[in-house]
Each structure stands twice: as structure tokens, then as C-alpha cells.
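To be precise, the following lines are structure-v8.txt, and they hold compact mmCIF, C-alpha atoms.
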# COMPACT_ATOMS: atom_id res chain seq x y z
CA MET A 1 -16.80 17.26 26.89
CA ALA A 2 -15.21 15.06 24.25
CA ALA A 3 -15.56 11.31 24.71
CA GLU A 4 -12.43 9.46 25.82
CA ILE A 5 -11.11 5.95 25.22
CA PRO A 6 -10.84 3.99 28.50
CA PRO A 7 -7.11 3.48 29.23
CA ILE A 8 -7.27 -0.33 29.22
CA ILE A 9 -9.04 -0.36 25.84
CA ALA A 10 -6.69 2.33 24.46
CA ALA A 11 -3.67 0.21 25.43
CA GLN A 12 -5.11 -2.77 23.56
CA LEU A 13 -5.90 -0.75 20.45
CA ASN A 14 -2.56 1.09 20.37
CA HIS A 15 -0.65 -2.18 20.70
CA LEU A 16 -2.64 -3.70 17.84
CA VAL A 17 -2.07 -0.80 15.44
CA THR A 18 1.61 -0.37 16.41
CA TYR A 19 2.86 -3.95 16.52
CA SER A 20 0.68 -5.89 14.10
CA SER A 21 2.49 -7.26 11.05
CA LEU A 22 -0.66 -6.34 9.12
CA SER A 23 -1.51 -2.76 8.18
CA ILE A 24 -4.69 -2.72 10.29
CA LYS A 25 -6.57 0.58 10.33
CA VAL A 26 -9.22 2.03 12.62
CA ASP A 27 -12.14 3.11 10.47
CA GLN A 28 -14.37 4.74 13.10
CA MET A 29 -14.98 4.85 16.86
CA TRP A 30 -18.19 5.37 18.80
CA SER A 31 -19.64 5.05 22.27
CA GLY A 32 -21.97 2.40 23.63
CA CYS A 33 -22.57 4.34 26.84
CA LYS A 34 -25.84 6.12 27.53
CA ASN A 35 -24.07 9.42 28.15
CA ASN A 36 -21.51 8.89 25.34
CA ALA A 37 -18.72 9.46 27.85
CA PHE A 38 -16.39 6.74 26.58
CA LEU A 39 -15.42 5.47 23.13
CA ASP A 40 -15.55 1.72 23.65
CA ARG A 41 -16.43 0.48 20.17
CA PHE A 42 -14.58 0.73 16.89
CA THR A 43 -14.44 -0.68 13.37
CA LEU A 44 -11.21 -2.28 12.18
CA LEU A 45 -10.16 -2.57 8.55
CA ILE A 46 -8.40 -5.93 8.33
CA PRO A 47 -6.20 -6.51 5.26
CA PHE A 48 -7.34 -9.62 3.45
CA CYS A 49 -6.94 -10.81 -0.12
CA LEU A 50 -5.41 -7.44 -1.14
CA ASP A 51 -8.50 -5.65 0.14
CA TYR A 52 -10.04 -4.99 3.53
CA VAL A 53 -12.77 -6.66 5.57
CA LYS A 54 -14.57 -4.65 8.25
CA TRP A 55 -14.94 -6.05 11.76
CA ASP A 56 -16.59 -4.21 14.64
CA VAL A 57 -14.91 -4.60 18.04
CA ILE A 58 -17.39 -4.08 20.86
CA TYR A 59 -16.02 -3.45 24.35
CA ASN A 60 -18.11 -2.36 27.33
CA ALA A 61 -16.69 0.68 29.10
CA GLN A 62 -18.59 -0.29 32.26
CA TYR A 63 -16.81 -3.64 32.29
CA PRO A 64 -13.43 -2.87 30.65
CA LEU A 65 -11.83 -6.08 31.91
CA ALA A 66 -14.30 -8.20 29.93
CA ALA A 67 -13.36 -9.59 26.53
CA PRO A 68 -14.76 -7.74 23.51
CA ASP A 69 -17.35 -9.04 21.09
CA ILE A 70 -16.40 -9.15 17.41
CA ILE A 71 -19.09 -8.53 14.80
CA PHE A 72 -18.24 -9.64 11.26
CA GLY A 73 -19.65 -8.29 8.01
CA PRO A 74 -23.14 -9.19 6.71
CA GLU A 75 -21.62 -11.49 4.06
CA ASP A 76 -19.98 -13.57 6.80
CA GLU A 77 -23.01 -14.45 8.91
CA ASN A 78 -21.97 -18.12 8.71
CA PHE A 79 -18.48 -17.46 10.05
CA HIS A 80 -18.50 -18.77 13.64
CA PRO A 81 -14.83 -19.20 14.53
CA PHE A 82 -15.15 -20.27 18.17
CA GLN A 83 -18.42 -22.14 17.95
CA VAL A 84 -18.61 -25.41 19.90
CA THR A 85 -19.67 -28.09 17.43
CA SER A 86 -19.73 -31.13 19.67
CA VAL A 87 -22.84 -31.78 21.76
CA GLY A 88 -21.49 -34.59 23.94
CA GLU A 89 -21.44 -33.77 27.64
CA ARG A 90 -17.69 -34.29 27.83
CA ASP A 91 -16.99 -32.19 24.76
CA LEU A 92 -18.95 -29.04 25.48
CA LYS A 93 -15.81 -27.20 26.56
CA SER A 94 -14.61 -24.89 23.76
CA PRO A 95 -11.05 -25.44 22.48
CA LYS A 96 -8.48 -22.99 23.80
CA ASN A 97 -8.36 -19.74 21.87
CA SER A 98 -7.45 -16.09 22.35
CA LEU A 99 -10.63 -15.47 24.33
CA SER A 100 -9.78 -18.19 26.84
CA ASN A 101 -8.76 -16.70 30.20
CA TRP A 102 -8.98 -13.22 28.73
CA ASN A 103 -6.67 -10.72 30.44
CA ASN A 104 -7.39 -7.19 29.33
CA ARG A 105 -4.45 -5.87 31.33
CA ASP A 106 -2.19 -7.60 28.80
CA PRO A 107 -2.06 -5.07 25.92
CA SER A 108 -1.19 -7.79 23.38
CA ARG A 109 -4.42 -9.77 23.77
CA LEU A 110 -6.47 -7.89 21.17
CA LEU A 111 -3.66 -8.30 18.64
CA SER A 112 -3.52 -12.05 19.30
CA LEU A 113 -7.30 -12.28 18.96
CA VAL A 114 -7.47 -10.39 15.66
CA HIS A 115 -4.60 -12.39 14.13
CA GLU A 116 -6.14 -15.70 15.24
CA LEU A 117 -9.52 -14.70 13.82
CA ARG A 118 -7.92 -13.68 10.54
CA ASP A 119 -6.24 -17.10 10.24
CA LEU A 120 -9.58 -18.80 10.92
CA TYR A 121 -11.29 -16.47 8.44
CA MET A 122 -8.74 -17.44 5.80
CA ALA A 123 -9.58 -21.13 6.33
CA TYR A 124 -13.31 -20.32 6.27
CA GLN A 125 -12.99 -18.52 2.94
CA ARG A 126 -10.95 -21.37 1.45
CA ASN A 127 -13.74 -23.77 2.38
CA ARG A 128 -16.35 -21.46 0.85
CA VAL A 129 -14.42 -21.26 -2.41
CA ALA A 130 -13.91 -25.04 -2.47
CA GLU A 131 -17.68 -25.52 -2.31
CA VAL A 132 -18.41 -23.29 -5.32
CA ASP A 133 -20.07 -25.20 -8.14
CA ASP A 134 -17.84 -23.90 -10.92
CA GLU A 135 -15.68 -26.28 -12.95
CA ARG A 136 -13.31 -23.56 -14.09
CA LEU A 137 -12.62 -22.40 -10.53
CA LYS A 138 -12.10 -25.97 -9.34
CA PHE A 139 -9.53 -26.43 -12.10
CA GLU A 140 -7.79 -23.13 -11.33
CA ILE A 141 -7.48 -24.03 -7.65
CA SER A 142 -6.10 -27.49 -8.44
CA THR A 143 -3.28 -25.97 -10.52
CA ILE A 144 -2.05 -23.40 -7.96
CA ILE A 145 -2.86 -25.04 -4.61
CA HIS A 146 0.85 -25.85 -4.14
CA ARG A 147 1.86 -22.17 -4.08
CA GLN A 148 2.51 -20.73 -0.63
CA GLY A 149 0.63 -17.76 0.82
CA ILE A 150 -2.41 -17.72 -1.51
CA GLU A 151 -5.55 -16.13 -0.06
CA MET A 152 -9.06 -16.66 -1.42
CA HIS A 153 -12.27 -14.73 -0.88
CA MET A 154 -15.82 -15.47 -1.98
CA THR A 155 -18.04 -12.43 -2.47
CA SER A 156 -21.78 -12.59 -2.97
CA GLY A 157 -24.79 -10.45 -2.33
CA VAL A 158 -28.16 -9.33 -3.59
CA GLU A 159 -26.81 -6.37 -5.55
CA LYS A 160 -23.51 -7.82 -6.74
CA PRO A 161 -22.60 -10.97 -8.67
CA GLU A 162 -20.78 -13.89 -7.13
CA GLU A 163 -17.04 -13.65 -7.56
CA VAL A 164 -13.98 -15.44 -6.25
CA LYS A 165 -10.94 -13.34 -5.53
CA PHE A 166 -7.39 -14.71 -5.27
CA ALA A 167 -4.36 -12.94 -3.81
CA VAL A 168 -1.22 -14.58 -5.17
CA PRO A 169 2.28 -13.68 -3.87
CA LEU A 170 4.78 -13.21 -6.70
CA LEU A 171 8.53 -13.17 -7.18
CA ASP A 172 10.22 -15.47 -4.71
CA VAL A 173 13.40 -13.37 -5.00
CA ASP A 174 15.31 -11.14 -2.59
CA ILE A 175 14.45 -7.63 -3.80
CA ASN A 176 16.59 -6.19 -0.98
CA LYS A 177 19.61 -7.94 -2.47
CA MET A 178 18.77 -6.76 -5.99
CA VAL A 179 18.55 -3.13 -4.84
CA GLY A 180 21.37 -3.28 -2.30
CA PHE A 181 19.17 -1.64 0.32
CA PRO A 182 17.97 -3.48 3.45
CA TRP A 183 14.30 -2.67 3.89
CA LYS A 184 13.07 -3.67 7.35
CA GLN A 185 10.59 -5.99 5.68
CA GLN A 186 11.08 -7.65 2.33
CA PRO A 187 8.96 -5.74 -0.23
CA LYS A 188 6.21 -7.85 -1.72
CA ILE A 189 4.35 -7.91 -5.01
CA ASN A 190 1.00 -9.69 -5.25
CA LEU A 191 -1.44 -10.34 -8.04
CA GLN A 192 -5.16 -10.03 -7.40
CA VAL A 193 -7.18 -12.29 -9.70
CA VAL A 194 -10.99 -12.02 -9.74
CA PHE A 195 -13.09 -14.71 -11.45
CA PRO A 196 -16.85 -14.48 -11.95
CA VAL A 197 -18.69 -17.55 -10.69
CA GLY A 198 -20.39 -19.48 -13.49
CA ARG A 199 -22.46 -22.62 -13.27
CA LYS A 200 -21.42 -24.01 -16.63
CA TYR A 201 -17.99 -24.59 -18.11
CA SER A 202 -17.32 -22.46 -21.18
CA SER A 203 -15.02 -23.65 -23.96
CA VAL A 204 -13.46 -20.16 -24.07
CA PRO A 205 -13.91 -18.63 -20.59
CA SER A 206 -13.46 -14.89 -20.24
CA ALA A 207 -10.27 -13.44 -18.81
CA PRO A 208 -10.35 -12.62 -15.09
CA ARG A 209 -9.78 -9.13 -13.72
CA LEU A 210 -6.12 -8.65 -12.84
CA LYS A 211 -4.44 -6.12 -10.58
CA LEU A 212 -0.89 -5.83 -9.26
CA VAL A 213 -0.44 -4.68 -5.67
CA SER A 214 2.91 -3.98 -4.01
CA SER A 215 4.27 -2.93 -0.64
CA PRO A 216 4.21 0.90 -0.38
CA GLU A 217 7.99 1.11 0.12
CA LEU A 218 8.55 -0.40 -3.33
CA ASN A 219 7.18 2.81 -4.90
CA ALA A 220 10.58 4.40 -4.33
CA LEU A 221 12.00 1.94 -6.87
CA ILE A 222 9.19 1.19 -9.31
CA SER A 223 5.60 2.31 -9.80
CA ILE A 224 3.64 -0.93 -9.91
CA ASP A 225 0.57 0.97 -11.10
CA ASP A 226 2.45 1.86 -14.28
CA VAL A 227 3.48 -1.74 -15.03
CA LYS A 228 1.52 -3.05 -18.01
CA LEU A 229 0.40 -6.59 -17.35
CA PRO A 230 0.97 -9.26 -20.01
CA PRO A 231 -2.24 -10.25 -21.82
CA TRP A 232 -4.31 -13.17 -20.56
CA LEU A 233 -4.68 -15.38 -23.63
CA ASP A 234 -7.73 -17.44 -24.51
CA ALA A 235 -8.03 -20.70 -22.55
CA MET A 236 -5.16 -19.66 -20.28
CA CYS A 237 -5.13 -20.58 -16.59
CA MET A 238 -3.27 -19.08 -13.63
CA ALA A 239 -0.68 -21.86 -13.63
CA GLU A 240 0.31 -20.76 -17.16
CA TYR A 241 0.00 -17.03 -16.57
CA LEU A 242 1.92 -16.67 -13.31
CA PRO A 243 5.40 -17.91 -14.46
CA ASN A 244 5.31 -15.56 -17.46
CA LEU A 245 4.23 -12.67 -15.25
CA GLU A 246 6.96 -13.36 -12.69
CA GLU A 247 9.63 -13.48 -15.39
CA TYR A 248 8.31 -10.20 -16.80
CA LEU A 249 8.25 -8.53 -13.38
CA GLN A 250 11.76 -9.64 -12.58
CA GLY A 251 12.91 -7.96 -15.79
CA GLN A 252 11.00 -4.79 -14.84
CA ILE A 253 12.66 -4.69 -11.42
CA LEU A 254 16.12 -5.26 -12.87
CA GLU A 255 15.47 -2.38 -15.27
CA ALA A 256 14.28 -0.19 -12.38
CA VAL A 257 17.45 -1.02 -10.43
CA ALA A 258 19.58 -0.07 -13.46
CA LEU A 259 17.78 3.31 -13.65
CA ILE A 260 19.05 4.17 -10.16
CA GLU A 261 22.53 4.57 -11.61
CA VAL A 262 21.14 6.65 -14.51
CA ARG A 263 19.54 9.04 -12.01
CA ARG A 264 22.74 9.13 -9.96
CA ARG A 265 24.79 10.21 -13.00
CA PHE A 266 22.25 12.96 -13.73
CA ILE A 267 22.48 14.36 -10.19
CA GLU A 268 26.26 14.25 -10.43
CA ALA A 269 26.04 16.15 -13.74
CA LEU A 270 24.14 18.97 -12.00
CA ALA A 271 26.91 19.51 -9.45
CA PRO A 272 29.44 21.32 -11.73
CA LEU A 273 26.72 23.87 -12.58
CA PHE A 274 24.87 24.27 -9.26
CA GLY A 275 27.53 23.17 -6.80
CA ARG A 276 27.36 20.13 -4.57
CA PRO A 277 23.79 19.26 -3.55
CA LEU A 278 22.72 20.34 -0.08
CA GLU A 279 20.98 17.00 0.22
CA ALA A 280 20.29 14.05 -2.05
CA ASP A 281 18.65 10.64 -1.89
CA PRO A 282 21.68 8.31 -1.74
CA ILE A 283 19.77 5.04 -2.24
CA PHE A 284 17.25 5.52 -5.05
CA CYS A 285 18.47 8.93 -6.30
CA ARG A 286 14.92 10.27 -6.53
CA LYS A 287 15.54 13.70 -4.97
CA ALA A 288 18.24 16.35 -4.78
CA THR A 289 18.36 19.92 -3.44
CA PHE A 290 20.74 22.62 -4.68
CA LEU A 291 21.41 26.22 -3.67
CA GLY A 292 20.91 28.81 -6.42
CA ALA A 293 21.63 32.53 -6.57
CA SER A 294 20.95 35.46 -8.88
CA GLY A 295 22.72 38.50 -7.56
CA VAL A 296 21.65 38.83 -3.93
CA PHE A 297 18.57 36.66 -4.47
CA THR A 298 19.16 33.15 -3.13
CA PHE A 299 16.83 30.21 -3.49
CA LEU A 300 16.70 26.44 -3.29
CA VAL A 301 16.19 24.19 -6.28
CA TYR A 302 14.38 20.95 -5.55
CA ALA A 303 14.68 18.26 -8.21
CA SER A 304 12.29 15.31 -7.99
CA LEU A 305 13.17 12.44 -10.32
CA PRO A 306 10.44 9.94 -11.31
CA THR A 307 11.11 6.21 -11.33
CA GLN A 308 10.83 6.28 -15.14
CA PHE A 309 13.58 8.88 -15.55
CA PRO A 310 14.85 9.79 -18.13
CA LYS A 311 11.72 8.85 -20.10
CA GLN A 312 9.90 11.20 -17.72
CA GLN A 313 11.67 14.46 -16.87
CA PRO A 314 12.41 15.73 -13.36
CA VAL A 315 9.97 18.07 -11.63
CA LEU A 316 11.67 21.24 -10.41
CA THR A 317 10.50 23.47 -7.57
CA LEU A 318 12.10 26.74 -6.46
CA GLN A 319 11.97 28.00 -2.88
CA SER A 320 13.00 31.48 -1.83
CA SER A 321 15.40 31.95 1.06
CA GLN A 322 14.23 35.55 1.55
CA HIS A 323 10.45 35.64 1.00
CA PHE A 324 7.82 34.17 3.32
CA ASN A 325 4.04 33.84 3.22
CA PRO A 326 1.69 34.99 6.03
CA GLN A 327 2.20 31.63 7.77
CA CYS A 328 5.97 32.32 7.84
CA ALA A 329 6.66 29.49 5.40
CA PRO A 330 9.12 30.08 2.53
CA ILE A 331 7.43 30.94 -0.78
CA LYS A 332 7.68 28.18 -3.38
CA SER A 333 7.12 28.14 -7.10
CA PRO A 334 4.57 25.87 -8.77
CA PRO A 335 6.09 22.61 -10.11
CA LEU A 336 8.21 23.36 -13.20
CA THR A 337 8.35 20.97 -16.15
CA ASP A 338 8.14 23.32 -19.17
CA TYR A 339 11.86 23.30 -19.92
CA PRO A 340 13.72 21.68 -22.84
CA TRP A 341 14.11 17.95 -22.39
CA SER A 342 14.95 14.83 -24.31
CA PRO A 343 15.55 11.38 -22.79
CA ARG A 344 18.13 10.77 -25.52
CA TRP A 345 20.47 13.54 -24.29
CA GLU A 346 23.57 12.83 -22.28
CA ALA A 347 23.32 13.66 -18.57
CA SER A 348 25.60 16.67 -19.03
CA GLN A 349 23.36 18.14 -21.73
CA MET A 350 20.25 17.59 -19.60
CA ALA A 351 21.92 19.45 -16.74
CA GLU A 352 23.05 22.32 -18.99
CA ARG A 353 19.56 22.84 -20.43
CA ILE A 354 18.03 22.90 -16.94
CA PHE A 355 20.66 25.41 -15.78
CA GLU A 356 20.00 27.65 -18.78
CA PHE A 357 16.27 27.46 -18.13
CA LEU A 358 16.67 28.40 -14.45
CA VAL A 359 18.90 31.38 -15.26
CA GLU A 360 15.80 32.98 -16.78
CA GLU A 361 13.17 31.33 -14.61
CA CYS A 362 14.72 32.48 -11.32
CA LEU A 363 14.07 36.11 -12.38
CA ASN A 364 10.41 35.27 -12.94
CA PHE A 365 10.35 33.52 -9.59
CA LYS A 366 11.87 36.54 -7.84
CA LYS A 367 9.16 38.73 -9.36
CA TYR A 368 6.54 36.21 -8.27
CA CYS A 369 7.87 36.34 -4.68
CA ASN A 370 7.93 40.15 -4.60
CA GLU A 371 4.34 40.33 -5.86
CA ALA A 372 3.26 37.82 -3.22
CA ILE A 373 4.83 40.00 -0.51
CA LEU A 374 3.10 43.15 -1.86
CA GLN A 375 -0.28 41.38 -1.87
CA LYS A 376 0.31 40.34 1.73
CA THR A 377 0.82 43.95 2.80
Please re-express this file's structure in C-alpha cells.
Amino acid sequence: MAAEIPPIIAAQLNHLVTYSSLSIKVDQMWSGCKNNAFLDRFTLLIPFCLDYVKWDVIYNAQYPLAAPDIIFGPEDENFHPFQVTSVGERDLKSPKNSLSNWNNRDPSRLLSLVHELRDLYMAYQRNRVAEVDDERLKFEISTIIHRQGIEMHMTSGVEKPEEVKFAVPLLDVDINKMVGFPWKQQPKINLQVVFPVGRKYSSVPSAPRLKLVSSPELNALISIDDVKLPPWLDAMCMAEYLPNLEEYLQGQILEAVALIEVRRRFIEALAPLFGRPLEADPIFCRKATFLGASGVFTFLVYASLPTQFPKQQPVLTLQSSQHFNPQCAPIKSPPLTDYPWSPRWEASQMAERIFEFLVEECLNFKKYCNEAILQKT
């Protein structure tokens, strides 16, 4: 019989994953029972510093009303968030925290505990970084300490060098307003900066490792992975680099917003040839579906437009309305990109060349569908 999650623990975990403002993930679950009847232990991936830290949450299925234990990673053996530091008789009582008067019947308690621990972990990591004996890092911190929302993380170990990682929020602008689309949460762009820890100050320190990270929803507008970062010049510090980067990113986003209208005009140019689209992305104009026909053979034409259109051409996919695979799903063509294309053409010429290409290609696709049906029989 498969192991089950005790209902009280399941309620806590579901509430955490569903309602947390952080994208917390469950990495694995296992049982601490002798007969493995209940899954009462799990590993959480907690977003921190544009990466994840792993924390094990240990419940006891035999005592489900008891508060869980939290086991932190091996690098954080000195992180004791609720430790009582005073030894005076009157001060032995621990300050109030999320474990005080634990009520496991309240499904929000685990969420409150994890968020409180993450805040304490953030302060713990800041203190660790402040204690690093590295003049360059001390200077870097002094120049950006005024910026809101910065996270810091000290990594060290036997098999890896000491490094300090910064997560720096960028672009204090309303991207929703720029796009004209109200995302539920304001999309964010962050810069991850990783410095090696050195004991001596170098006159020309090496450039840190840099990586841009954005909210997933922003991918509909711009591919952050494709954004080329400005160079980090010799003797540069974060306080100098960040304003230039933010100005550059703002220009990139404005350009991406302008390309929405370029994609819209292209989709509109397809309509006189294919007819009105059956469906289309009205916000970012990244997708459109048209109905095509060649004699009695009817098919759908899916057009997927990249964010860097027209520099990158659309990907076309054909789907038969009359042929189905053994799983009863409509047969589709492989992605099609081998058609004439130039980003310098007018939208009308782009549409015409695609239409001319599909006049021939739909016959090949019909043959492909018929052969697939024969192979099935």
C-alpha cells in the first residue's frame, strides 16, 4: 500500500505551497515511521539569493499535533534562529516566535514558520558576509547598502572556494504600466553577483560572475537569458555598474514593448491571406492560429512568434483536422522554419511568402498524414 500524508500535515504543506509569496518547492518526501505507512518528512527548496537552500521539515506522524523540527543544510550548522542566548534565570524564556503555542490545526502555521525562518536566515547571512576579511567585499557592501531588497549569501566548503553571492533587485519602474498589461504581481528583474573571497586587496580585482534572473511571466515580453550584459570594466564596483545596467535594461524593455506592435501588424497582415485568426494572443502577440484548406483537406496553422521577431522568424506548425494518431490526437507537422524570410521585409511581404510556402507545404503535410495513417493500420 502506498504511503499517505497525514491530513493535518498535508493541510499545512498544501497551504504553504499554494499561498506563499515565494516559489517554494517540495523536493522529496519520505517516512519516519517503522512501517513506512505515512509520509511525514519532506525537503523544501526555499528561494534565496536567486538560488535555493534546502531545509528538511521533520514531522512525527505518531504525534501530528506537535510542531515540526527544521534541519538546515550542512553549511549552516551555526544558524540557530530560536536559540536562547541569555542565561539569567528571568531570561530563560525564549522570545515569541512561530513555534510558540504551535497549533497544527491552523493550516497557515507552517507557512508563517518558514517565512520567519527565511527572514532570520537573511539576517544571519548578512552577518556572515559582514565578518568576511576581504577589503574589496567590505567596500562593495558599503556602496550598495542603501539599496532596498538586497540579499547576501556566504558559501564555503571543503570542496568549493569561499564566495559571496549578492541578489540585487533592478529597475524600480512599473513594468505593468510600460506594457499596458496588469500582471497579478509586478514582474521583477534581479542581478546575481558572485565575488570570490580574497584575503588581500588587489589593485585590479577580477570581475565578478554576473547573471540576470527575471520573473517567469516576463518571458512573454523579453528573454532575459538573451540579454547581453554590459562589460564589467577594470576597477569597477557595483555602485558604478548597477546604474548603467538599469539604464540599459530599461532601453531593452522599451524596445521589447515596441516589438509587440510589430508582431501585431504581422498577424494582421496574415488575415487577408488566411482569413481572420481563430485565436490570437491579444497582449503580447506571440501566437496566432489560422484555418487552412487545400481542396477538401483542412488543417490548422499555428504561428509562434519569438520575442525577437522579426530578427527571428516565426515557427509554424500544421495540424490536420482529419487525421489522428493511435492516441486519437490530431497529427501535427514538425516545426517549420525553412521558408523564405528577411527581417527587412514589410509585414505584407512576410505574410505573402509564408502563404506561398504553405501552398506547397500543405500538400507535403497531407502526404505525411496519409502515410502516418497507413503505418498505423
Selection near region 176-186 of chain A, 8 Å with only C-alpha atoms, sequence-local residues under 3 positions removed, as a PyMOL selection string: chain A and resi 254+257+283
Test item: residues at most 6 Å from region 49-53 of chain A, all atoms listed in the file, excluding those fewer than 3 positions along its chain, as a PyMOL selection string: chain A and resi 45-46+151+167
Residue among A:Cys362, A:Ala351, A:Asn36, A:Glu356 lying closest to Ser320 (chain A), counting only C-alpha atoms: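 Looking at the shortest contact to Ser320 (chain A), the residue is A:Cys362.
Nearest to Lys34 (chain A) of all the residues A:Gln312, A:Pro205, A:Pro7, A:Asn60 is A:Asn60, based on only C-alpha atoms.
The interatomic distance for the pair CA of Met29 (chain A) and CA of Met152 (chain A) works out to 28.8 Å.
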Atom-to-atom span, CA of Pro340 (chain A) and CA of Ile253 (chain A), Å: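 So the two atoms, CA of Pro340 (chain A) and CA of Ile253 (chain A), lie 28.8 Å apart.
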Close residues, region 209-221 of chain A itself excluded, 8 Å, all atoms listed in the file, min 3 positions apart in chain, as an NGL selection string: :A and (50 or 187-195 or 224-225 or 256-257 or 284 or 286 or 307)
Dump C-alpha atoms for the selected residues as an mmCIF file, in the frame of the given file?
data_model
loop_
_atom_site.group_PDB
_atom_site.id
_atom_site.type_symbol
_atom_site.label_atom_id
_atom_site.label_comp_id
_atom_site.auth_asym_id
_atom_site.auth_seq_id
_atom_site.Cartn_x
_atom_site.Cartn_y
_atom_site.Cartn_z
ATOM 1 C CA LEU A 50 -5.410 -7.440 -1.140
ATOM 2 C CA PRO A 187 8.960 -5.740 -0.230
ATOM 3 C CA LYS A 188 6.210 -7.850 -1.720
ATOM 4 C CA ILE A 189 4.350 -7.910 -5.010
ATOM 5 C CA ASN A 190 1.000 -9.690 -5.250
ATOM 6 C CA LEU A 191 -1.440 -10.340 -8.040
ATOM 7 C CA GLN A 192 -5.160 -10.030 -7.400
ATOM 8 C CA VAL A 193 -7.180 -12.290 -9.700
ATOM 9 C CA VAL A 194 -10.990 -12.020 -9.740
ATOM 10 C CA PHE A 195 -13.090 -14.710 -11.450
ATOM 11 C CA ILE A 224 3.640 -0.930 -9.910
ATOM 12 C CA ASP A 225 0.570 0.970 -11.100
ATOM 13 C CA ALA A 256 14.280 -0.190 -12.380
ATOM 14 C CA VAL A 257 17.450 -1.020 -10.430
ATOM 15 C CA PHE A 284 17.250 5.520 -5.050
ATOM 16 C CA ARG A 286 14.920 10.270 -6.530
ATOM 17 C CA THR A 307 11.110 6.210 -11.330
#
Near-Phe266 (chain A) list (9 Å; all atoms listed in the file; drop same-chain fewer than 6 positions) as a PyMOL selection string: chain A and resi 346-348+350-351
Residue nearest Glu255 (chain A) among A:Ala271, A:Ala280, A:Ala207, A:Ile222 (counting all atoms listed in the file):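 Distance minimum relative to Glu255 (chain A) lands on A:Ile222.
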Separation of CA of Pro74 (chain A) from CA of Pro196 (chain A), in Å and rounded to one decimal: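 Going from CA of Pro74 (chain A) over to CA of Pro196 (chain A) covers 20.4 Å.
Closest approach to Thr143 (chain A) from the set A:Val26, A:Leu110, A:Leu245, A:Met236 is made by A:Met236, with distances taken over all atoms listed in the file.
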Given all atoms listed in the file as the counted atoms, nearest of A:Glu135, A:Glu116, A:Asp234, A:Asp76 to His153 (chain A):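 Distance minimum relative to His153 (chain A) lands on A:Asp76.
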Surrounding residues of Glu4 (chain A) excluding itself and chain neighbours under 5 positions, 10 Å, only C-alpha atoms, as a ChimeraX atom specification: /A:10,30-31,36-40
Final all heavy atoms of region 286-292 of chain A as a PDB file, keeping the file's coordinate frame:
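Saved the output as out.pdb:
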ATOM      1  N   ARG A 286      16.191   9.708  -6.067  1.00  0.00           N
ATOM      2  CA  ARG A 286      14.920  10.270  -6.530  1.00  0.00           C
ATOM      3  C   ARG A 286      14.823  11.764  -6.252  1.00  0.00           C
ATOM      4  O   ARG A 286      13.979  12.442  -6.837  1.00  0.00           O
ATOM      5  CB  ARG A 286      13.750   9.553  -5.830  1.00  0.00           C
ATOM      6  CG  ARG A 286      13.574   8.072  -6.170  1.00  0.00           C
ATOM      7  CD  ARG A 286      12.965   7.883  -7.533  1.00  0.00           C
ATOM      8  NE  ARG A 286      11.753   8.658  -7.695  1.00  0.00           N
ATOM      9  CZ  ARG A 286      10.554   8.304  -7.248  1.00  0.00           C
ATOM     10  NH1 ARG A 286      10.403   7.146  -6.599  1.00  0.00           N
ATOM     11  NH2 ARG A 286       9.494   9.061  -7.463  1.00  0.00           N
ATOM     12  N   LYS A 287      15.649  12.293  -5.340  1.00  0.00           N
ATOM     13  CA  LYS A 287      15.540  13.700  -4.970  1.00  0.00           C
ATOM     14  C   LYS A 287      16.913  14.310  -4.752  1.00  0.00           C
ATOM     15  O   LYS A 287      17.848  13.638  -4.329  1.00  0.00           O
ATOM     16  CB  LYS A 287      14.711  13.863  -3.682  1.00  0.00           C
ATOM     17  CG  LYS A 287      13.257  13.437  -3.820  1.00  0.00           C
ATOM     18  CD  LYS A 287      12.501  13.627  -2.510  1.00  0.00           C
ATOM     19  CE  LYS A 287      11.048  13.206  -2.647  1.00  0.00           C
ATOM     20  NZ  LYS A 287      10.308  13.374  -1.366  1.00  0.00           N
ATOM     21  N   ALA A 288      17.014  15.598  -5.049  1.00  0.00           N
ATOM     22  CA  ALA A 288      18.240  16.350  -4.780  1.00  0.00           C
ATOM     23  C   ALA A 288      17.873  17.815  -4.596  1.00  0.00           C
ATOM     24  O   ALA A 288      16.922  18.310  -5.218  1.00  0.00           O
ATOM     25  CB  ALA A 288      19.244  16.191  -5.917  1.00  0.00           C
ATOM     26  N   THR A 289      18.599  18.500  -3.723  1.00  0.00           N
ATOM     27  CA  THR A 289      18.360  19.920  -3.440  1.00  0.00           C
ATOM     28  C   THR A 289      19.657  20.695  -3.643  1.00  0.00           C
ATOM     29  O   THR A 289      20.707  20.303  -3.114  1.00  0.00           O
ATOM     30  CB  THR A 289      17.856  20.115  -1.999  1.00  0.00           C
ATOM     31  OG1 THR A 289      16.701  19.314  -1.782  1.00  0.00           O
ATOM     32  CG2 THR A 289      17.512  21.573  -1.744  1.00  0.00           C
ATOM     33  N   PHE A 290      19.579  21.793  -4.410  1.00  0.00           N
ATOM     34  CA  PHE A 290      20.740  22.620  -4.680  1.00  0.00           C
ATOM     35  C   PHE A 290      20.454  24.054  -4.250  1.00  0.00           C
ATOM     36  O   PHE A 290      19.295  24.480  -4.154  1.00  0.00           O
ATOM     37  CB  PHE A 290      21.079  22.607  -6.182  1.00  0.00           C
ATOM     38  CG  PHE A 290      21.491  21.257  -6.700  1.00  0.00           C
ATOM     39  CD1 PHE A 290      20.530  20.348  -7.160  1.00  0.00           C
ATOM     40  CD2 PHE A 290      22.817  20.892  -6.728  1.00  0.00           C
ATOM     41  CE1 PHE A 290      20.899  19.109  -7.640  1.00  0.00           C
ATOM     42  CE2 PHE A 290      23.199  19.639  -7.213  1.00  0.00           C
ATOM     43  CZ  PHE A 290      22.234  18.755  -7.663  1.00  0.00           C
ATOM     44  N   LEU A 291      21.523  24.800  -3.998  1.00  0.00           N
ATOM     45  CA  LEU A 291      21.410  26.220  -3.670  1.00  0.00           C
ATOM     46  C   LEU A 291      21.676  27.026  -4.925  1.00  0.00           C
ATOM     47  O   LEU A 291      22.681  26.835  -5.615  1.00  0.00           O
ATOM     48  CB  LEU A 291      22.415  26.602  -2.582  1.00  0.00           C
ATOM     49  CG  LEU A 291      22.410  28.070  -2.143  1.00  0.00           C
ATOM     50  CD1 LEU A 291      21.073  28.420  -1.488  1.00  0.00           C
ATOM     51  CD2 LEU A 291      23.562  28.346  -1.184  1.00  0.00           C
ATOM     52  N   GLY A 292      20.744  27.941  -5.256  1.00  0.00           N
ATOM     53  CA  GLY A 292      20.910  28.810  -6.420  1.00  0.00           C
ATOM     54  C   GLY A 292      20.966  30.265  -6.000  1.00  0.00           C
ATOM     55  O   GLY A 292      20.524  30.635  -4.910  1.00  0.00           O
TER      56      GLY A 292
END
